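Report on one structure; see the data block that follows.
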Amino acid sequence: MQNIQWKNSDSRYGVIAQAFHWLIVVLIIIQYQMGKIAEELPQGLDKLILMSRHKSLGITILVLVIARLAWRLMNKPPALPDTVHPVIRVSGKLTHLVLYGLLLALPVTGWLASSAANSPVSWWGWLTLPDLIAPSETRFELIGELHGTLTRILLVIAVIHASAAMLHHFVFKDQVLRRMLPGWPGMSDR
């Protein structure tokens, strides 16, 4: 029986960092799909219910991202292999920075848009969050556009991030991707 590695090591992400990573990935995919479906629905109860769930999931993602960042501050990520070129190192750091920025900005812009639309944000019906700004149709449209633009940028950055992981795995043949995969055989701490 193998011991569970909760914290990050020098060569591998721990179970908690992996759980944050993959849970946020899955929730972002669900969130994106819910947003696209809601855009297509006519005004009515179905759209209202779906948007309520979209808002709740957005706040859940915000909380998870903050918790992930706190965990990352307490648990240094494993270093990249020495073979990784300095330009790729800097690119990776910038990509992660942009990803985290977007993962924080998207729920906040959604919350701002809801406030501007005078449409309260309820977190799964347990907690109603305060409005961040006063209602305004102009602000709602502007912030809604910003939210949509940030969503499209997140999709592009996520594809770049996933492509870089594949590049590391299939071209560079290093351990960068494997260290974030749960339970990968033969990936004990070395």
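By order of appearance in the structure tokens: chains A, B, ..., then residues from 1 within every chain, and ligands from 1 in the order shown.
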Helix (DSSP H, G or I) call set, DSSP backbone run, stretch 47-125 of chain A, as a PyMOL selection string: chain A and resi 47-74+86-116
Please build the interface table for stretch 35-130 of chain A against stretch 153-175 of chain A with a cut-off of 12 Å, listing for each qualifying residue the nearest atom pair and the distance in Å to one decimal; count only C-alpha atoms, order rows by chain and increasing number, and write it as CSV.
residue,atom,partner,partner_atom,distance
A:Pro78,CA,A:Gln175,CA,10.7
A:Ala79,CA,A:Gln175,CA,10.8
A:Leu80,CA,A:Gln175,CA,8.7
A:Pro81,CA,A:Asp174,CA,7.5
A:Asp82,CA,A:Asp174,CA,10.2
A:Thr83,CA,A:Asp174,CA,8.6
A:Val84,CA,A:Phe172,CA,8.6
A:His85,CA,A:Phe172,CA,10.6
A:Ile88,CA,A:Ala164,CA,9.2
A:Arg89,CA,A:Ala164,CA,11.1
A:Ser91,CA,A:Ala164,CA,9.8
A:Gly92,CA,A:His161,CA,8.0
A:Lys93,CA,A:His161,CA,10.6
A:Leu94,CA,A:Ile157,CA,10.4
A:Thr95,CA,A:His161,CA,7.0
A:His96,CA,A:His161,CA,8.1
A:Leu97,CA,A:Ile157,CA,10.5
A:Val98,CA,A:Ile157,CA,7.8
A:Leu99,CA,A:Ile157,CA,6.8
A:Tyr100,CA,A:Leu154,CA,9.8
A:Gly101,CA,A:Leu154,CA,9.6
A:Leu102,CA,A:Leu154,CA,6.4
A:Leu103,CA,A:Leu154,CA,8.0
A:Leu104,CA,A:Leu154,CA,11.0
A:Ala105,CA,A:Leu154,CA,10.3
A:Leu106,CA,A:Leu154,CA,8.9
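By chain and then residue number, the residues within 8 Å of A:Ile24 are A:Ile61, A:Leu64, A:Val65, counting only C-alpha atoms and disregarding those fewer than 6 positions away in sequence.
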Near-stretch 124-130 of chain A list (12 Å; only C-alpha atoms; drop same-chain fewer than 3 positions) as a VMD selection string: chain A and resid 49 to 60 108 111 to 112 114 to 116 118 to 121 133 to 134
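Relative to atom CA of A:Leu142, atom CA of A:Leu69 is found at 28.6 Å.
Here atom CA of A:Asp131 stands at a distance of 9.6 Å from atom CA of A:Ala113.
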